[in-house]
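Next comes model32.cif, with mmCIF, C-alpha atoms.
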```cif
data_my_file
loop_
_atom_site.label_atom_id
_atom_site.label_comp_id
_atom_site.auth_asym_id
_atom_site.auth_seq_id
_atom_site.Cartn_x
_atom_site.Cartn_y
_atom_site.Cartn_z
CA MET A 53 -24.62 -66.99 -46.12
CA ASN A 54 -25.09 -64.98 -49.31
CA ALA A 55 -22.21 -62.53 -49.59
CA THR A 56 -23.23 -61.03 -52.93
CA PRO A 57 -23.08 -57.20 -52.82
CA LEU A 58 -26.29 -55.25 -53.04
CA VAL A 59 -26.89 -53.44 -56.29
CA ARG A 60 -27.45 -49.76 -55.51
CA ARG A 61 -28.56 -47.01 -57.82
CA PRO A 62 -25.83 -44.47 -58.52
CA LEU A 63 -26.27 -41.15 -56.76
CA GLY A 64 -25.80 -39.26 -60.02
CA CYS A 65 -28.94 -40.82 -61.53
CA LEU A 66 -30.99 -39.82 -58.47
CA LYS A 67 -29.77 -36.23 -58.70
CA ASN A 68 -30.59 -36.15 -62.41
CA SER A 69 -34.13 -37.37 -61.82
CA LEU A 70 -34.70 -34.83 -59.04
CA ARG A 71 -33.42 -32.07 -61.28
CA GLN A 72 -35.79 -33.09 -64.10
CA ALA A 73 -38.76 -33.21 -61.73
CA ARG A 74 -37.95 -29.74 -60.40
CA GLN A 75 -37.60 -28.31 -63.90
CA LEU A 76 -40.90 -29.87 -64.95
CA LYS A 77 -42.63 -28.37 -61.93
CA GLU A 78 -41.25 -24.95 -62.72
CA SER A 79 -42.39 -25.18 -66.33
CA ARG A 80 -45.93 -26.06 -65.23
CA LEU A 81 -46.04 -23.08 -62.89
CA LEU A 82 -44.91 -20.77 -65.66
CA VAL A 83 -47.56 -22.13 -68.02
CA ALA A 84 -50.25 -21.72 -65.34
CA ARG A 85 -49.31 -18.11 -64.76
CA GLY A 86 -49.43 -17.28 -68.41
CA MET A 87 -45.76 -16.51 -68.69
CA ALA A 88 -45.43 -19.02 -71.54
CA THR A 89 -47.77 -20.29 -74.26
CA THR A 90 -49.31 -23.76 -74.28
CA THR A 91 -47.31 -26.37 -76.08
CA THR A 92 -48.64 -29.11 -78.30
CA GLU A 93 -47.17 -32.51 -78.76
CA THR A 94 -45.50 -32.96 -82.10
CA THR A 95 -44.51 -36.01 -84.00
CA GLY A 96 -41.10 -36.71 -85.37
CA SER A 97 -41.94 -35.33 -88.82
CA GLU A 98 -43.47 -32.07 -87.59
CA ALA A 99 -41.17 -29.24 -86.51
CA PRO A 100 -41.84 -27.44 -83.22
CA PRO A 101 -43.66 -24.14 -83.53
CA PRO A 102 -41.42 -21.08 -83.43
CA PRO A 103 -41.32 -19.39 -80.03
CA ARG A 104 -43.26 -16.23 -79.53
CA HIS A 105 -41.78 -12.94 -78.76
CA HIS A 106 -39.70 -13.05 -75.53
CA VAL A 107 -40.84 -16.62 -74.80
CA PHE A 108 -38.37 -19.50 -75.14
CA GLN A 109 -38.97 -23.25 -74.90
CA ILE A 110 -36.55 -26.14 -74.52
CA ILE A 111 -37.93 -29.43 -75.95
CA ASP A 112 -36.63 -32.79 -74.83
CA ARG A 113 -35.04 -34.75 -77.70
CA LYS A 114 -36.32 -38.15 -76.60
CA THR A 115 -39.88 -37.42 -75.50
CA LYS A 116 -40.38 -34.40 -77.80
CA LYS A 117 -42.09 -32.60 -74.95
CA THR A 118 -41.45 -29.19 -73.53
CA ARG A 119 -38.74 -29.51 -70.97
CA THR A 120 -38.65 -25.93 -69.77
CA ALA A 121 -40.25 -22.68 -70.84
CA PHE A 122 -39.34 -19.22 -69.70
CA ALA A 123 -39.95 -15.66 -70.72
CA ILE A 124 -37.54 -12.76 -70.98
CA TYR A 125 -38.76 -9.25 -70.41
CA LYS A 126 -37.12 -6.13 -71.68
CA PRO A 127 -35.33 -4.11 -69.03
CA ALA A 128 -36.92 -0.86 -68.03
CA ILE A 129 -35.42 2.14 -69.75
CA LYS A 130 -33.67 4.33 -67.19
CA PRO A 131 -33.76 8.07 -67.76
CA SER A 132 -30.40 9.38 -68.82
CA LEU A 133 -28.74 11.71 -66.34
CA PRO A 134 -27.84 15.18 -67.58
CA THR A 135 -24.20 15.98 -68.09
CA LEU A 136 -22.29 18.62 -66.23
CA LYS A 137 -22.63 21.04 -69.12
CA GLU A 138 -26.44 20.69 -69.15
CA LEU A 139 -26.80 21.30 -65.42
CA PRO A 140 -27.73 24.85 -64.36
CA PRO A 141 -25.01 26.86 -62.60
CA ILE A 142 -25.03 26.42 -58.83
CA LEU A 143 -24.10 29.31 -56.58
CA SER A 144 -21.05 28.47 -54.51
CA PRO A 145 -21.69 28.62 -50.73
CA PRO A 146 -20.10 31.51 -48.85
CA LYS A 147 -16.69 30.82 -47.40
CA LEU A 148 -16.84 30.59 -43.62
CA ASN A 149 -13.89 31.30 -41.40
CA LYS A 150 -12.62 28.10 -39.88
CA PRO A 151 -12.60 28.17 -36.09
CA PRO A 152 -9.15 27.97 -34.52
CA SER A 153 -7.98 24.62 -33.27
CA ASN A 154 -7.36 26.04 -29.77
CA PRO A 155 -9.59 29.07 -28.99
CA LEU A 156 -8.42 29.42 -25.36
CA PRO A 157 -5.39 31.71 -26.03
CA ALA A 158 -7.56 34.21 -27.91
CA LEU A 159 -10.17 34.14 -25.15
CA HIS A 160 -7.52 34.65 -22.45
CA ALA A 161 -5.97 37.55 -24.37
CA GLU A 162 -9.36 39.25 -24.63
CA GLN A 163 -10.07 38.79 -20.92
CA ILE A 164 -6.59 40.02 -19.93
CA LYS A 165 -7.06 43.14 -22.05
CA LYS A 166 -10.30 43.84 -20.20
CA MET A 167 -8.93 43.15 -16.69
CA ASP A 168 -5.53 44.80 -17.23
CA PRO A 169 -5.96 47.62 -19.80
CA THR A 170 -2.57 49.21 -19.03
CA GLY A 171 -0.69 45.90 -19.16
CA ALA A 172 1.31 46.68 -16.00
CA ARG A 173 0.59 43.37 -14.27
CA THR A 174 1.29 41.41 -17.41
CA ARG A 175 4.71 43.06 -17.74
CA LEU A 176 5.41 42.57 -14.02
CA PHE A 177 5.22 38.77 -14.31
CA ALA A 178 6.39 38.33 -17.89
CA LYS A 179 9.57 36.42 -18.78
CA THR A 180 11.61 39.58 -19.20
CA ARG A 181 14.66 40.98 -17.45
CA GLY A 182 12.95 43.62 -15.29
CA ALA A 183 10.00 41.44 -14.23
CA ALA A 184 9.50 39.84 -10.83
CA ARG A 185 11.28 36.53 -10.27
CA VAL A 186 11.05 33.76 -7.73
CA GLY A 187 12.97 34.66 -4.59
CA ASP A 188 11.83 38.31 -4.55
CA ILE A 189 9.82 39.72 -1.65
CA LEU A 190 6.43 41.05 -2.80
CA MET A 191 3.60 42.84 -1.05
CA VAL A 192 0.01 42.30 -2.24
CA THR A 193 -2.77 44.67 -1.21
CA HIS A 194 -6.17 42.96 -1.10
CA ARG A 195 -9.39 44.93 -0.86
CA ARG A 196 -11.18 42.44 1.37
CA SER A 197 -8.35 41.91 3.85
CA GLY A 198 -7.38 44.58 6.36
CA GLU A 199 -3.59 44.63 5.91
CA PRO A 200 -1.47 43.82 2.85
CA PHE A 201 0.23 40.43 2.78
CA SER A 202 3.95 40.32 2.09
CA GLY A 203 6.15 37.30 1.57
CA VAL A 204 8.77 35.58 -0.54
CA LEU A 205 7.68 34.71 -4.07
CA ILE A 206 7.96 30.91 -4.27
CA GLU A 207 6.15 30.10 -7.51
CA ILE A 208 4.60 31.81 -10.54
CA ARG A 209 1.85 29.80 -12.21
CA ARG A 210 1.26 31.20 -15.71
CA ARG A 211 -2.17 30.10 -16.96
CA GLY A 212 -3.44 33.03 -19.02
CA ILE A 213 -6.23 34.81 -17.17
CA ASP A 214 -5.69 32.44 -14.20
CA THR A 215 -2.06 33.48 -13.67
CA ALA A 216 -1.30 33.33 -9.92
CA ILE A 217 1.60 33.79 -7.52
CA LEU A 218 2.45 31.99 -4.27
CA LEU A 219 3.88 34.02 -1.36
CA ARG A 220 5.38 32.58 1.85
CA ASN A 221 5.80 34.37 5.18
CA HIS A 222 5.79 33.67 8.92
CA LEU A 223 2.94 34.84 11.16
CA ALA A 224 3.44 34.17 14.90
CA LYS A 225 6.37 31.87 14.06
CA VAL A 226 4.18 29.72 11.82
CA GLY A 227 4.81 29.37 8.09
CA VAL A 228 1.92 30.72 5.98
CA GLU A 229 1.53 30.49 2.19
CA MET A 230 -1.11 32.29 0.13
CA TRP A 231 -2.07 32.23 -3.55
CA PHE A 232 -3.05 35.45 -5.32
CA LYS A 233 -4.45 35.77 -8.81
CA ILE A 234 -2.84 38.80 -10.38
CA TYR A 235 -5.85 39.66 -12.61
CA ASN A 236 -8.37 39.47 -9.76
CA LYS A 237 -10.41 42.65 -9.21
CA ASN A 238 -9.95 42.39 -5.44
CA VAL A 239 -6.15 42.62 -5.79
CA ALA A 240 -5.61 46.38 -5.53
CA GLY A 241 -1.84 46.38 -6.03
CA ILE A 242 1.32 44.26 -6.22
CA GLU A 243 4.67 45.84 -5.33
CA ILE A 244 8.22 44.50 -5.27
CA VAL A 245 9.67 45.12 -1.79
CA LYS A 246 13.10 43.57 -2.27
CA ARG A 247 14.71 41.74 -5.12
CA ALA A 248 16.75 38.57 -4.70
CA LYS A 249 20.53 38.95 -4.85
CA LYS A 250 21.00 36.07 -7.27
CA ARG A 251 18.81 34.48 -9.85
CA ALA A 252 17.27 31.26 -8.54
CA ARG A 253 18.16 28.06 -10.34
CA ARG A 254 14.68 26.62 -9.94
CA ALA A 255 11.27 27.76 -11.10
CA ARG A 256 9.64 26.75 -7.78
CA LEU A 257 11.38 27.32 -4.46
CA THR A 258 9.56 24.60 -2.55
CA TYR A 259 12.73 23.75 -0.65
CA MET A 260 12.16 26.93 1.41
CA ARG A 261 9.53 25.04 3.40
CA LYS A 262 12.37 23.26 5.20
CA ALA A 263 13.82 24.90 8.29
CA LYS A 264 17.31 24.93 6.78
CA HIS A 265 16.38 27.20 3.83
CA ASP A 266 13.40 29.09 5.26
CA ARG A 267 13.71 32.90 5.38
CA CYS A 268 11.20 33.13 8.23
CA ASP A 269 9.61 36.54 8.80
CA VAL A 270 10.13 39.27 6.17
CA SER A 271 8.64 42.12 8.23
CA ALA A 272 12.10 43.74 8.67
CA ALA A 273 12.57 44.01 4.89
CA VAL A 274 9.04 45.40 4.49
CA PHE A 275 9.64 47.99 7.26
CA ALA A 276 12.89 49.15 5.64
CA TRP A 277 11.14 49.45 2.27
CA LYS A 278 8.32 51.50 3.76
CA LYS A 279 10.85 53.78 5.46
CA THR A 280 12.55 54.55 2.16
CA ARG A 281 9.17 55.40 0.64
CA LYS A 282 8.25 57.62 3.65
CA VAL A 283 5.25 55.48 4.49
CA THR A 284 6.12 55.28 8.23
CA THR A 285 6.19 59.09 8.80
CA ILE A 286 2.58 59.20 9.89
CA LYS A 287 3.32 60.73 13.33
CA ALA A 288 5.29 63.64 11.88
CA SER A 289 2.50 64.52 9.47
CA ALA A 290 -0.04 64.25 12.30
CA LYS A 291 2.03 66.67 14.46
CA LYS A 292 2.23 69.17 11.61
CA ALA A 293 -1.52 68.97 11.12
CA ALA A 294 -2.08 69.50 14.83
CA LYS A 295 0.20 72.57 14.87
CA GLY A 296 -1.59 73.98 11.87
CA GLY A 297 -4.91 73.54 13.63
CA LYS A 298 -3.69 75.36 16.79
CA ASN A 299 -2.36 78.29 14.75
CA ALA A 300 -5.66 78.61 12.93
CA ALA A 301 -7.58 78.55 16.22
CA GLY A 302 -5.31 81.29 17.70
CA LYS A 303 -5.82 83.54 14.71
CA LYS A 304 -9.59 83.19 15.01
CA ALA A 305 -9.46 84.05 18.75
CA LYS A 306 -7.52 87.25 18.03
#
```

Rewritten as structure tokens:
Amino acid sequence: MNATPLVRRPLGCLKNSLRQARQLKESRLLVARGMATTTTETTGSEAPPPPRHHVFQIIDRKTKKTRTAFAIYKPAIKPSLPTLKELPPILSPPKLNKPPSNPLPALHAEQIKKMDPTGARTRLFAKTRGAARVGDILMVTHRRSGEPFSGVLIEIRRRGIDTAILLRNHLAKVGVEMWFKIYNKNVAGIEIVKRAKKRARRARLTYMRKAKHDRCDVSAAVFAWKKTRKVTTIKASAKKAAKGGKNAAGKKAK
């Protein structure tokens, strides 16, 4: 059995031959397209002709043939940009007012000014000393309902134009709670019937829903308040009007 190794051609020689073939092919394409001039074979004594303008040739030293030929073209001249001094003056754009980051407060203030021009309701539920507080008994007169609703103020929800109050009362021994928006057009009036003795420690008196802390019906406090304001003296005024009518009728008869 012959164990002599096979003689193989080095890979570097194969790469070199492939590179030469590719370069020769490229040079032929350039000559065919007219990008380079035709070359003539020269002998050892004759010097190669000088390259033309922008055309360069590389001649092989062994074969004295054109190895590659390529042309170089001048780059296109780009127009020079004018400097800042040569540019005409540009009018600066008008300065626009930047919109506020949160436009809701301004919108709410404008709507409140329209709905409450005197500012009485705003002062009534502001965070001041003389304003209404949770725990007070209020009476709200609504245009659509027949009678005003009175109850204990449990919560004040301050949301700009959507500011609302929550009142709790008992109707037929059943706890009833109602929300009223203070800037609503249908709310004719809001009056403080009775103030709380002490300042509440919480902002929301939700614990009053339990039977232990519930104030139940507040009609007694409302009746006493109306009596001090002479709202319950309707019968006396009616009697006086009736007496006045009888006296006028008697004078006419005479």

**Message:** Using all atoms listed in the file for the distances, tell me which of A:Thr115, A:Ser271, A:Thr258, A:Gln72 is nearest to A:Ile208.
**Reply:** A:Thr258

**Prompt:** Quick one: which residues end up in the PyMOL selection byres ((chain A and resi 223-226) around 8) for this structure, as a list in words?
**Reply:** Asn221, His222, Gly227, Val228, Cys268 and Asp269 of chain A

Take the residues from that selection and write them out as a tab-separated table (two decimals), in the coordinates of the input, keeping C-alpha atoms.
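For reference, again.tsv as written:
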```
chain	number	residue	atom	x	y	z
A	221	ASN	CA	5.80	34.37	5.18
A	222	HIS	CA	5.79	33.67	8.92
A	227	GLY	CA	4.81	29.37	8.09
A	228	VAL	CA	1.92	30.72	5.98
A	268	CYS	CA	11.20	33.13	8.23
A	269	ASP	CA	9.61	36.54	8.80
```

**Message:** One decimal, in Å: what's the spacing between atom CA of A:Arg196 and atom CA of A:Glu229?
**Reply:**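 Spanning atom CA of A:Arg196 to atom CA of A:Glu229 is a straight-line distance of 17.5 Å.
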
**Item:** Between atom CA of A:Ala172 and atom CA of A:Lys282, distance in Å (one decimal)
**Value:**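 Straight-line distance from atom CA of A:Ala172 to atom CA of A:Lys282 works out to 23.5 Å.
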
**Prompt:** So which residues get picked by the PyMOL selection byres ((chain A and resi 190) around 9) here, written as a list of chain:residue names?
**Reply:** A:Ala184, A:Asp188, A:Ile189, A:Met191, A:Val192, A:Phe201, A:Ser202, A:Gly203, A:Val204, A:Leu205, A:Leu219, A:Ile242, A:Glu243, A:Ile244, A:Val245, A:Lys246, A:Arg247, A:Val274

**Prompt:** Which is closest to A:Glu78 among A:Asn149, A:Gln109, A:Thr120, A:Thr193, if we use all atoms listed in the file?
**Reply:**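 Closest to A:Glu78, using all atoms listed in the file: A:Thr120.
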
**Message:** Nearest residue to A:Ala161 out of A:Leu148, A:Ile213, A:Ile206, A:Val270, using only C-alpha atoms?
**Reply:**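 Nearest candidate to A:Ala161 out of A:Leu148, A:Ile213, A:Ile206, A:Val270: A:Ile213.
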
**Request:** Evaluate the PyMOL selection byres ((chain A and resi 231) around 6) and record the selected residues as a ChimeraX atom specification, following the chain and residue labels used in the document.
**Result:** /A:217-218,230,232

Export of the given selection (C-alpha atoms) as a compact mmCIF listing (two decimals), keeping the file's coordinate frame:
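So the final result, stored in part-v5.txt, reads:
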```
# COMPACT_ATOMS: atom_id res chain seq x y z
CA ILE A 217 1.60 33.79 -7.52
CA LEU A 218 2.45 31.99 -4.27
CA MET A 230 -1.11 32.29 0.13
CA PHE A 232 -3.05 35.45 -5.32
```

**Atomic separation - atom CA of A:Ala272 relative to atom CA of A:Ala248, Å** =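 So the answer is 15.1 Å.
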
**Request:** May I ask which of the residues A:Arg209, A:Lys165, A:Arg254, A:Lys147 is the closest one to A:Gly187, counting all atoms listed in the file?
**Result:**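 For A:Gly187, the nearest of the given residues is A:Arg254.
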
Selecting C-alpha atoms, how would stretch 197-239 of chain A from this structure be written as an mmCIF file, in the first residue's frame?
```cif
data_model
loop_
_atom_site.group_PDB
_atom_site.id
_atom_site.type_symbol
_atom_site.label_atom_id
_atom_site.label_comp_id
_atom_site.auth_asym_id
_atom_site.auth_seq_id
_atom_site.Cartn_x
_atom_site.Cartn_y
_atom_site.Cartn_z
ATOM 1 C CA SER A 197 -87.922 70.010 44.596
ATOM 2 C CA GLY A 198 -90.940 71.108 46.612
ATOM 3 C CA GLU A 199 -89.366 71.512 50.067
ATOM 4 C CA PRO A 200 -85.800 72.411 51.056
ATOM 5 C CA PHE A 201 -83.565 69.573 52.189
ATOM 6 C CA SER A 202 -81.748 69.945 55.495
ATOM 7 C CA GLY A 203 -79.160 67.670 57.024
ATOM 8 C CA VAL A 204 -75.761 67.329 58.639
ATOM 9 C CA LEU A 205 -72.822 68.296 56.452
ATOM 10 C CA ILE A 206 -70.739 65.108 56.151
ATOM 11 C CA GLU A 207 -68.297 65.960 53.374
ATOM 12 C CA ILE A 208 -67.149 68.899 51.237
ATOM 13 C CA ARG A 209 -65.706 67.897 47.873
ATOM 14 C CA ARG A 210 -63.726 70.820 46.458
ATOM 15 C CA ARG A 211 -63.289 70.374 42.693
ATOM 16 C CA GLY A 212 -63.432 73.892 41.276
ATOM 17 C CA ILE A 213 -66.689 74.411 39.416
ATOM 18 C CA ASP A 214 -67.795 70.902 40.494
ATOM 19 C CA THR A 215 -67.558 71.662 44.227
ATOM 20 C CA ALA A 216 -70.294 69.695 46.036
ATOM 21 C CA ILE A 217 -71.533 68.995 49.555
ATOM 22 C CA LEU A 218 -73.035 65.854 51.088
ATOM 23 C CA LEU A 219 -75.924 66.209 53.569
ATOM 24 C CA ARG A 220 -77.359 63.422 55.754
ATOM 25 C CA ASN A 221 -80.797 63.328 57.379
ATOM 26 C CA HIS A 222 -83.516 60.853 58.382
ATOM 27 C CA LEU A 223 -86.820 60.642 56.506
ATOM 28 C CA ALA A 224 -89.379 58.227 58.003
ATOM 29 C CA LYS A 225 -86.645 56.755 60.229
ATOM 30 C CA VAL A 226 -84.492 55.931 57.202
ATOM 31 C CA GLY A 227 -81.078 57.502 56.641
ATOM 32 C CA VAL A 228 -80.941 59.621 53.464
ATOM 33 C CA GLU A 229 -77.877 61.301 51.938
ATOM 34 C CA MET A 230 -77.910 63.793 49.068
ATOM 35 C CA TRP A 231 -75.195 65.536 47.056
ATOM 36 C CA PHE A 232 -75.626 69.175 46.031
ATOM 37 C CA LYS A 233 -73.385 71.142 43.710
ATOM 38 C CA ILE A 234 -73.056 74.609 45.170
ATOM 39 C CA TYR A 235 -72.627 76.357 41.775
ATOM 40 C CA ASN A 236 -75.666 74.682 40.206
ATOM 41 C CA LYS A 237 -78.306 77.084 38.865
ATOM 42 C CA ASN A 238 -81.110 75.000 40.382
ATOM 43 C CA VAL A 239 -79.701 75.511 43.898
#
```
